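Student: Sending over a structure as structure tokens; questions will come in a sec.
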Amino acid sequence: MSESGNPWVTPATTVPRHQAPPVRAEPSQQPLRSHIRPQPGGVDAPPVGLPGRDAQSSARWWWLGCHGGAGVTSLAAAVPGGDDSSRCWPLSKTTHQRVVLVTRSHAAGLQATQWAARQWASGSLPGVELLGLVVVADAPGRLPAPLRDLVRLVSGGVPRTWSVPWIEAWRLGQPADALPREVAKLAKDLLLLTESEMPR
């Protein structure tokens with residue numbers, strides 16, 4: 001009979017009762033950084049993309065609306081530090097430009113965002129560092145499943161994604177009395193992301 005008392009278990013496979021289970025090390029906190037880079041030659045630029053223009057200021061980052069009504073004006077007012085790029089990629093021959101894409105969570109906005117992400121991923125925008133994408137709710141309540149799936153798909157092509165819930169005051173063109181915690185997290189993340197020097 002085996003030491004375990006079970007005739008079907010051999011001593012070689014029996015784990016001593018005094019042996020503690022292995023302790024998993026907690027992952028170390030890593031600073032926020034881009035983990036997706038453009039793939040020149042691996043991703044084709046879309047046939048039609050957002051235009052580029054010379055960067056007119058030394059913005060900490062640029063808000064780039066992927067379509068009209070994306071929510072750039074409201075975000076720029078709520079999260080200081082970035083400038084509105086007027087739906088153009090900010091380009092410079094001498095400095096890198098950090099960009100945050102902005103879209104509404106409806107199908108047309110997310111499809112426009114796919115095109116913008118593909119344009120960046122193709123490597124056709126030298127000097128642009130894409131920080132991520134902000135998806136601004138286009139209606140109150142939970143997204144329907146097809147739109148949640150589309151958000152996940154689009155998010156796979158950008159370094160990171162933030163979601164901003166429906167804010168009724170923004171619909172009325174008014175400042176919100178109290179912003180949701182998602183906006184505070186967005187502001188904190190962008191400040192952390194833009195603390196370091198630009199990549200060379």
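Please note that chains go A, B, ... in the order of the structure tokens, that every chain numbers its residues from 1, and that ligands are numbered from 1 in the order shown.
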Please produce, as a tab-separated table, a per-residue contact table for region 90-197 of chain A versus region 59-74 of chain A (criterion: any atom at most 10 Å away, only C-alpha atoms considered), showing the nearest atom pair and its distance in Å to one decimal, sorted by chain then residue number.
Tutor:
residue	atom	partner	partner_atom	distance
A:Pro90	CA	A:Trp62	CA	7.5
A:Gln97	CA	A:Trp61	CA	6.9
A:Arg98	CA	A:Trp61	CA	4.7
A:Val99	CA	A:Trp62	CA	4.7
A:Val100	CA	A:Trp63	CA	5.0
A:Leu101	CA	A:Leu64	CA	4.8
A:Val102	CA	A:Gly65	CA	4.7
A:Thr103	CA	A:Ala70	CA	4.7
A:Arg104	CA	A:Ala70	CA	5.1
A:Ser105	CA	A:Ala70	CA	8.8
A:His106	CA	A:Ala70	CA	9.9
A:Ala108	CA	A:His67	CA	8.6
A:Gly109	CA	A:His67	CA	6.3
A:Leu110	CA	A:Cys66	CA	8.5
A:Gln111	CA	A:Cys66	CA	9.2
A:Ala112	CA	A:Cys66	CA	5.9
A:Thr113	CA	A:Cys66	CA	5.5
A:Gln114	CA	A:Cys66	CA	9.0
A:Trp115	CA	A:Cys66	CA	8.6
A:Ala116	CA	A:Cys66	CA	6.6
A:Ala117	CA	A:Cys66	CA	9.3
A:Glu129	CA	A:Trp61	CA	9.4
A:Leu130	CA	A:Trp61	CA	9.5
A:Leu131	CA	A:Trp61	CA	8.6
A:Leu133	CA	A:Leu64	CA	9.3
A:Val134	CA	A:Trp63	CA	9.3
A:Val135	CA	A:Ala70	CA	8.5
A:Val136	CA	A:Gly71	CA	6.8
A:Ala137	CA	A:Gly71	CA	9.4
A:Asp138	CA	A:Ala70	CA	8.8
A:Ile167	CA	A:Ser74	CA	10.0
A:Ala169	CA	A:Ser74	CA	9.9
A:Trp170	CA	A:Ser74	CA	6.7
A:Arg171	CA	A:Ser74	CA	9.5
A:Gly173	CA	A:Ser74	CA	8.2
A:Gln174	CA	A:Ser74	CA	8.9
A:Pro175	CA	A:Ser74	CA	8.0
A:Ala176	CA	A:Ser74	CA	9.5
A:Leu190	CA	A:Trp61	CA	8.3
A:Leu191	CA	A:Arg60	CA	8.8
A:Leu193	CA	A:Trp61	CA	9.7
A:Thr194	CA	A:Arg60	CA	6.7
A:Glu195	CA	A:Arg60	CA	9.0
Student: Out of A:Glu182, A:Ser58, A:Asp189, A:Trp89, which residue has the shortest atom-to-atom distance to Ser124 (chain A) when counting only C-alpha atoms?
Tutor: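 Smallest separation from Ser124 (chain A) among the options: A:Trp89.
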Student: Using DSSP on the backbone, list every residue of region 98-187 of chain A that comes out as strand (DSSP E), and give them as a list of chain:residue names.
Tutor: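 Of region 98-187 of chain A, the ones in strand (DSSP E) are A:Arg98, A:Val99, A:Val100, A:Leu101, A:Val102, A:Thr103, A:Arg104, A:Val128, A:Glu129, A:Leu130, A:Leu131, A:Gly132, A:Leu133, A:Val134, A:Val135, A:Val136, A:Thr161, A:Trp162, A:Ser163, A:Val164.
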Student: Could you check the closest approach to Glu168 (chain A) for each of A:Ala139, A:Ala145, A:Val43, A:Leu192 and tell me which residue wins, using only C-alpha atoms?
Tutor: A:Ala139
Student: Calculated over only C-alpha atoms, which of the candidates A:Ser85, A:Pro38, A:Trp162, A:Ser57 has the smallest distance to Arg181 (chain A)?
Tutor: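 Ranking A:Ser85, A:Pro38, A:Trp162, A:Ser57 by distance to Arg181 (chain A), first place goes to A:Trp162.
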Student: If you run DSSP on the backbone, which residues of region 65-180 of chain A are helix (DSSP H, G or I), as a tab-separated table (two decimals) with N, CA and C atoms, in the first residue's frame?
Tutor:
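To be explicit, this is the file written out as states_15.tsv:
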chain	number	residue	atom	x	y	z
A	72	VAL	N	-13.28	66.11	-29.40
A	72	VAL	CA	-11.98	66.72	-29.13
A	72	VAL	C	-12.12	68.01	-28.32
A	73	THR	N	-13.05	68.87	-28.68
A	73	THR	CA	-13.19	70.14	-27.98
A	73	THR	C	-13.50	69.92	-26.50
A	74	SER	N	-14.39	69.00	-26.21
A	74	SER	CA	-14.73	68.71	-24.82
A	74	SER	C	-13.55	68.11	-24.06
A	75	LEU	N	-12.83	67.20	-24.69
A	75	LEU	CA	-11.67	66.59	-24.04
A	75	LEU	C	-10.58	67.63	-23.79
A	76	ALA	N	-10.33	68.48	-24.77
A	76	ALA	CA	-9.29	69.50	-24.61
A	76	ALA	C	-9.60	70.44	-23.46
A	77	ALA	N	-10.88	70.72	-23.24
A	77	ALA	CA	-11.27	71.59	-22.13
A	77	ALA	C	-11.17	70.85	-20.79
A	78	ALA	N	-11.47	69.55	-20.80
A	78	ALA	CA	-11.49	68.78	-19.55
A	78	ALA	C	-10.12	68.29	-19.13
A	107	ALA	N	-20.58	53.13	-34.88
A	107	ALA	CA	-19.91	52.33	-35.91
A	107	ALA	C	-19.12	53.19	-36.90
A	108	ALA	N	-19.72	54.30	-37.36
A	108	ALA	CA	-19.01	55.13	-38.34
A	108	ALA	C	-17.73	55.70	-37.75
A	109	GLY	N	-17.78	56.14	-36.49
A	109	GLY	CA	-16.58	56.68	-35.85
A	109	GLY	C	-15.50	55.63	-35.69
A	110	LEU	N	-15.87	54.44	-35.26
A	110	LEU	CA	-14.88	53.38	-35.06
A	110	LEU	C	-14.28	52.92	-36.38
A	111	GLN	N	-15.07	52.92	-37.44
A	111	GLN	CA	-14.53	52.55	-38.75
A	111	GLN	C	-13.56	53.62	-39.25
A	112	ALA	N	-13.87	54.90	-39.00
A	112	ALA	CA	-12.94	55.97	-39.36
A	112	ALA	C	-11.64	55.83	-38.57
A	113	THR	N	-11.76	55.38	-37.32
A	113	THR	CA	-10.58	55.20	-36.47
A	113	THR	C	-9.70	54.08	-36.99
A	114	GLN	N	-10.31	53.03	-37.52
A	114	GLN	CA	-9.53	51.95	-38.13
A	114	GLN	C	-8.64	52.49	-39.24
A	115	TRP	N	-9.18	53.36	-40.04
A	115	TRP	CA	-8.41	53.94	-41.14
A	115	TRP	C	-7.25	54.79	-40.60
A	116	ALA	N	-7.54	55.57	-39.57
A	116	ALA	CA	-6.48	56.42	-39.01
A	116	ALA	C	-5.38	55.56	-38.38
A	117	ALA	N	-5.77	54.52	-37.66
A	117	ALA	CA	-4.78	53.64	-37.04
A	117	ALA	C	-3.95	52.93	-38.11
A	118	ARG	N	-4.59	52.53	-39.16
A	118	ARG	CA	-3.87	51.88	-40.27
A	118	ARG	C	-2.90	52.86	-40.94
A	119	GLN	N	-3.32	54.10	-41.08
A	119	GLN	CA	-2.45	55.12	-41.68
A	119	GLN	C	-1.18	55.28	-40.84
A	120	TRP	N	-1.35	55.35	-39.51
A	120	TRP	CA	-0.19	55.47	-38.62
A	120	TRP	C	0.68	54.21	-38.67
A	121	ALA	N	0.03	53.04	-38.61
A	121	ALA	CA	0.77	51.77	-38.57
A	121	ALA	C	1.58	51.53	-39.83
A	145	ALA	N	-23.41	44.74	-28.22
A	145	ALA	CA	-22.33	43.77	-28.43
A	145	ALA	C	-21.55	44.01	-29.73
A	146	PRO	N	-22.20	44.29	-30.87
A	146	PRO	CA	-21.41	44.51	-32.09
A	146	PRO	C	-20.44	45.69	-31.97
A	147	LEU	N	-20.85	46.74	-31.24
A	147	LEU	CA	-19.95	47.88	-31.07
A	147	LEU	C	-18.84	47.57	-30.07
A	148	ARG	N	-19.15	46.79	-29.02
A	148	ARG	CA	-18.10	46.37	-28.10
A	148	ARG	C	-17.04	45.55	-28.84
A	149	ASP	N	-17.49	44.68	-29.74
A	149	ASP	CA	-16.55	43.87	-30.52
A	149	ASP	C	-15.70	44.76	-31.43
A	150	LEU	N	-16.33	45.78	-32.00
A	150	LEU	CA	-15.60	46.68	-32.89
A	150	LEU	C	-14.58	47.51	-32.12
A	151	VAL	N	-14.94	47.93	-30.91
A	151	VAL	CA	-13.98	48.65	-30.06
A	151	VAL	C	-12.77	47.77	-29.77
A	152	ARG	N	-13.01	46.50	-29.43
A	152	ARG	CA	-11.90	45.58	-29.15
A	152	ARG	C	-11.02	45.41	-30.39
A	153	LEU	N	-11.64	45.30	-31.54
A	153	LEU	CA	-10.88	45.13	-32.79
A	153	LEU	C	-10.00	46.35	-33.06
A	154	VAL	N	-10.59	47.53	-32.97
A	154	VAL	CA	-9.85	48.77	-33.23
A	154	VAL	C	-8.74	48.96	-32.19
A	155	SER	N	-9.03	48.61	-30.94
A	155	SER	CA	-8.04	48.78	-29.87
A	155	SER	C	-6.79	47.94	-30.11
A	168	GLU	N	-23.69	64.06	-20.07
A	168	GLU	CA	-24.84	64.80	-20.60
A	168	GLU	C	-24.51	66.27	-20.83
A	169	ALA	N	-23.71	66.87	-19.95
A	169	ALA	CA	-23.39	68.29	-20.11
A	169	ALA	C	-22.67	68.56	-21.42
A	170	TRP	N	-21.83	67.61	-21.85
A	170	TRP	CA	-21.10	67.81	-23.10
A	170	TRP	C	-22.07	67.85	-24.28
A	171	ARG	N	-23.13	67.09	-24.19
A	171	ARG	CA	-24.13	67.10	-25.25
A	171	ARG	C	-24.75	68.47	-25.40
Student: Do a neighbour search on Gly132 (chain A) at 6 Å with only C-alpha atoms, toss out local chain neighbours closer than 5 positions, and write the hits as a VMD selection string.
Tutor: chain A and resid 100 158 to 161
Student: Produce a file of the selected residues containing C-alpha atoms, as an mmCIF file, in the first residue's frame.
Tutor:
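So the final result, stored in out-v6.cif, reads:
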data_model
loop_
_atom_site.group_PDB
_atom_site.id
_atom_site.type_symbol
_atom_site.label_atom_id
_atom_site.label_comp_id
_atom_site.auth_asym_id
_atom_site.auth_seq_id
_atom_site.Cartn_x
_atom_site.Cartn_y
_atom_site.Cartn_z
ATOM 1 C CA VAL A 100 -4.063 60.833 -29.130
ATOM 2 C CA VAL A 158 -3.220 51.190 -31.109
ATOM 3 C CA PRO A 159 -0.889 51.258 -28.088
ATOM 4 C CA ARG A 160 -3.675 51.752 -25.525
ATOM 5 C CA THR A 161 -7.337 52.694 -25.289
#
